[in-house]
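Chemist: Input file: entry_12.pdb. Contents: PDB, C-alpha atoms, pLDDT in the B column.
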ATOM      1  CA  MET Q  24      25.290   9.667   9.327  1.00 63.00           C
ATOM      2  CA  THR Q  25      24.647   9.039  12.994  1.00 78.00           C
ATOM      3  CA  ASP Q  26      22.321   6.270  14.079  1.00 91.00           C
ATOM      4  CA  ARG Q  27      18.623   7.018  13.681  1.00 96.00           C
ATOM      5  CA  THR Q  28      15.672   5.352  15.420  1.00 97.00           C
ATOM      6  CA  ILE Q  29      12.701   4.020  13.480  1.00 98.00           C
ATOM      7  CA  THR Q  30       9.610   3.441  15.614  1.00 98.00           C
ATOM      8  CA  LEU Q  31       6.884   1.071  14.386  1.00 98.00           C
ATOM      9  CA  SER Q  32       3.514   2.614  15.332  1.00 97.00           C
ATOM     10  CA  ALA Q  33       1.591  -0.626  15.755  1.00 94.00           C
ATOM     11  CA  SER Q  34       3.964  -2.261  18.225  1.00 95.00           C
ATOM     12  CA  GLY Q  35       6.108   0.597  19.515  1.00 96.00           C
ATOM     13  CA  GLN Q  36       9.179  -1.445  18.521  1.00 97.00           C
ATOM     14  CA  GLN Q  37      12.243   0.695  17.892  1.00 98.00           C
ATOM     15  CA  LEU Q  38      14.813  -0.201  15.244  1.00 97.00           C
ATOM     16  CA  ALA Q  39      18.307   1.245  14.862  1.00 97.00           C
ATOM     17  CA  CYS Q  40      19.221   2.608  11.443  1.00 97.00           C
ATOM     18  CA  LYS Q  41      23.016   2.414  11.228  1.00 94.00           C
ATOM     19  CA  SER Q  42      25.342   4.266   8.878  1.00 90.00           C
ATOM     20  CA  GLY Q  43      25.871   1.130   6.744  1.00 92.00           C
ATOM     21  CA  HIS Q  44      22.193   0.790   5.802  1.00 95.00           C
ATOM     22  CA  ARG Q  45      21.450   1.932   2.257  1.00 94.00           C
ATOM     23  CA  ASN Q  46      17.673   2.314   2.732  1.00 94.00           C
ATOM     24  CA  LEU Q  47      14.846   1.683   5.201  1.00 96.00           C
ATOM     25  CA  LEU Q  48      14.062  -1.668   3.621  1.00 95.00           C
ATOM     26  CA  GLU Q  49      17.539  -2.888   4.650  1.00 95.00           C
ATOM     27  CA  VAL Q  50      16.861  -1.684   8.200  1.00 97.00           C
ATOM     28  CA  PHE Q  51      13.628  -3.701   8.335  1.00 97.00           C
ATOM     29  CA  GLU Q  52      15.353  -6.804   6.945  1.00 95.00           C
ATOM     30  CA  HIS Q  53      18.241  -6.416   9.402  1.00 96.00           C
ATOM     31  CA  HIS Q  54      15.746  -6.417  12.292  1.00 96.00           C
ATOM     32  CA  GLN Q  55      13.686  -9.239  10.711  1.00 96.00           C
ATOM     33  CA  VAL Q  56      10.590  -7.073  10.235  1.00 96.00           C
ATOM     34  CA  GLU Q  57       8.547  -8.344   7.290  1.00 93.00           C
ATOM     35  CA  VAL Q  58       7.691  -5.706   4.703  1.00 92.00           C
ATOM     36  CA  GLU Q  59       6.113  -6.441   1.332  1.00 89.00           C
ATOM     37  CA  TYR Q  60       8.209  -5.288  -1.604  1.00 89.00           C
ATOM     38  CA  GLN Q  61       8.790  -6.141  -5.238  1.00 86.00           C
ATOM     39  CA  CYS Q  62      11.844  -4.061  -6.037  1.00 83.00           C
ATOM     40  CA  ARG Q  63      14.502  -1.831  -4.501  1.00 78.00           C
ATOM     41  CA  GLU Q  64      14.393   1.064  -6.917  1.00 74.00           C
ATOM     42  CA  GLY Q  65      11.283   3.094  -6.022  1.00 77.00           C
ATOM     43  CA  TYR Q  66       9.345   1.894  -9.058  1.00 83.00           C
ATOM     44  CA  CYS Q  67       6.503  -0.432  -8.051  1.00 88.00           C
ATOM     45  CA  GLY Q  68       5.341   1.146  -4.777  1.00 90.00           C
ATOM     46  CA  SER Q  69       4.322  -2.110  -3.047  1.00 91.00           C
ATOM     47  CA  CYS Q  70       6.448  -1.267   0.014  1.00 94.00           C
ATOM     48  CA  ARG Q  71       4.604   2.059   0.511  1.00 95.00           C
ATOM     49  CA  MET Q  72       3.950   2.946   4.150  1.00 97.00           C
ATOM     50  CA  LYS Q  73       2.725   5.910   6.165  1.00 98.00           C
ATOM     51  CA  LEU Q  74       5.257   8.295   7.684  1.00 98.00           C
ATOM     52  CA  VAL Q  75       3.710   9.232  11.029  1.00 98.00           C
ATOM     53  CA  ARG Q  76       6.546  11.430  12.286  1.00 98.00           C
ATOM     54  CA  GLY Q  77       9.879  12.671  10.961  1.00 98.00           C
ATOM     55  CA  THR Q  78      11.467  13.199   7.572  1.00 97.00           C
ATOM     56  CA  VAL Q  79      13.125  10.935   5.017  1.00 97.00           C
ATOM     57  CA  GLU Q  80      15.507  11.618   2.166  1.00 96.00           C
ATOM     58  CA  TYR Q  81      15.399   9.730  -1.152  1.00 96.00           C
ATOM     59  CA  SER Q  82      18.600   8.604  -2.842  1.00 89.00           C
ATOM     60  CA  GLU Q  83      16.814   9.178  -6.174  1.00 84.00           C
ATOM     61  CA  LYS Q  84      13.362  10.485  -7.007  1.00 88.00           C
ATOM     62  CA  PRO Q  85      10.982   7.485  -6.850  1.00 91.00           C
ATOM     63  CA  LEU Q  86       9.302   6.506 -10.115  1.00 88.00           C
ATOM     64  CA  ALA Q  87       6.163   5.375  -8.281  1.00 90.00           C
ATOM     65  CA  PHE Q  88       3.685   8.000  -7.105  1.00 89.00           C
ATOM     66  CA  VAL Q  89       4.276   8.871  -3.447  1.00 93.00           C
ATOM     67  CA  ALA Q  90       1.382  10.680  -1.757  1.00 95.00           C
ATOM     68  CA  GLU Q  91       2.075  13.223   0.956  1.00 94.00           C
ATOM     69  CA  GLY Q  92       2.561  11.361   4.233  1.00 97.00           C
ATOM     70  CA  ASP Q  93       3.716   8.156   2.506  1.00 97.00           C
ATOM     71  CA  VAL Q  94       7.252   6.838   1.968  1.00 97.00           C
ATOM     72  CA  LEU Q  95       8.858   4.104  -0.108  1.00 95.00           C
ATOM     73  CA  PRO Q  96      11.363   2.400   2.233  1.00 95.00           C
ATOM     74  CA  CYS Q  97      13.140   0.721  -0.696  1.00 93.00           C
ATOM     75  CA  CYS Q  98      14.804   3.985  -1.679  1.00 93.00           C
ATOM     76  CA  CYS Q  99      14.894   6.371   1.297  1.00 96.00           C
ATOM     77  CA  LEU Q 100      16.632   6.876   4.628  1.00 96.00           C
ATOM     78  CA  PRO Q 101      15.533   8.846   7.687  1.00 97.00           C
ATOM     79  CA  VAL Q 102      16.943  12.339   8.158  1.00 96.00           C
ATOM     80  CA  GLY Q 103      16.357  11.994  11.921  1.00 97.00           C
ATOM     81  CA  ASP Q 104      14.290   9.720  14.125  1.00 98.00           C
ATOM     82  CA  ILE Q 105      11.040   8.677  12.429  1.00 98.00           C
ATOM     83  CA  GLU Q 106       7.850   6.747  13.099  1.00 98.00           C
ATOM     84  CA  VAL Q 107       6.154   4.632  10.425  1.00 98.00           C
ATOM     85  CA  GLU Q 108       2.919   2.682  10.128  1.00 97.00           C
ATOM     86  CA  PHE Q 109       2.275  -0.268   7.833  1.00 90.00           C
TER      87      PHE Q 109
END
Can you present the structure in this file as structure tokens?
Modeler:
Amino acid sequence: MTDRTITLSASGQQLACKSGHRNLLEVFEHHQVEVEYQCREGYCGSCRMKLVRGTVEYSEKPLAFVAEGDVLPCCCLPVGDIEVEF
């Protein structure tokens, strides 16, 4: 995987998603961006955020309901550059 860029809608801040990151939640933690979460398995849904632009890929199908336009960063990675809002 090549590096991907995650843009935060509210601030315009751009974060690098490197090949070693296992999910978006790790990217946020690496860049010290606070995101609420309760798990790392796609079950509870508390980390849910809006995907403004781009596409993500899930390592496994999330157990929590994910509405169209939402993502669970605990269990997905960007396919390309993305923009999220939370």
Chemist: Using only C-alpha atoms, which residues sit within 12 Å of Cys40 of chain Q once same-chain residues fewer than 2 positions away are excluded, as a PyMOL selection string?
Modeler: chain Q and resi 24-30+37-38+42-54+99-105
Chemist: With only C-alpha atoms as the counted atoms, please give the residues lying no more than 7 Å from Gly92 of chain Q, apart from itself and same-chain residues fewer than 2 positions off, as a PyMOL selection string.
Modeler: chain Q and resi 73-74+90+94
Chemist: What do you get, as a PDB file with C-alpha atoms, in the coordinates of the input, if you spell out every residue that the PyMOL selection byres ((chain Q and resi 33) around 8) selects here?
Modeler:
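Output contents, as saved in expr-v5.pdb:
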ATOM      1  CA  LEU Q  31       6.884   1.071  14.386  1.00 98.00           C
ATOM      2  CA  SER Q  32       3.514   2.614  15.332  1.00 97.00           C
ATOM      3  CA  SER Q  34       3.964  -2.261  18.225  1.00 95.00           C
ATOM      4  CA  GLY Q  35       6.108   0.597  19.515  1.00 96.00           C
ATOM      5  CA  GLU Q 108       2.919   2.682  10.128  1.00 97.00           C
ATOM      6  CA  PHE Q 109       2.275  -0.268   7.833  1.00 90.00           C
TER       7      PHE Q 109
END
Chemist: May I ask which of the residues Q:Cys97, Q:Glu106, Q:Val89, Q:Tyr81 is the closest one to Arg63 of chain Q, counting only C-alpha atoms?
Modeler: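 Distance minimum relative to Arg63 of chain Q lands on Q:Cys97.
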Chemist: Going by the chain IDs and residue numbers used in this file, which residues fall under the PyMOL selection byres ((chain Q and resi 65) around 7)? Write them as a list in words.
Modeler: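 This file gives the following for the PyMOL selection byres ((chain Q and resi 65) around 7): Arg63, Glu64, Tyr66, Cys67, Gly68, Pro85, Leu86, Ala87, Leu95, Cys97 and Cys98 of chain Q.
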Chemist: Write a file of the just-selected residues containing C-alpha atoms, as a tab-separated table (two decimals), in the coordinates of the input.
Modeler:
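Final output, saved to result07.tsv:
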chain	number	residue	atom	x	y	z
Q	63	ARG	CA	14.50	-1.83	-4.50
Q	64	GLU	CA	14.39	1.06	-6.92
Q	66	TYR	CA	9.35	1.89	-9.06
Q	67	CYS	CA	6.50	-0.43	-8.05
Q	68	GLY	CA	5.34	1.15	-4.78
Q	85	PRO	CA	10.98	7.48	-6.85
Q	86	LEU	CA	9.30	6.51	-10.12
Q	87	ALA	CA	6.16	5.38	-8.28
Q	95	LEU	CA	8.86	4.10	-0.11
Q	97	CYS	CA	13.14	0.72	-0.70
Q	98	CYS	CA	14.80	3.98	-1.68
Chemist: Record the distance separating atom CA of Lys41 of chain Q and atom CA of Glu57 of chain Q, expressed in Å with one decimal.
Modeler: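 A separation of 18.5 Å between them.
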Chemist: So, with all atoms listed in the file as the atoms that count, which of Q:Val58, Q:Ser69, Q:Val107, Q:Val75 lies closest to Phe88 of chain Q?
Modeler: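 Of Q:Val58, Q:Ser69, Q:Val107, Q:Val75, the one nearest Phe88 of chain Q, counting all atoms listed in the file, is Q:Ser69.
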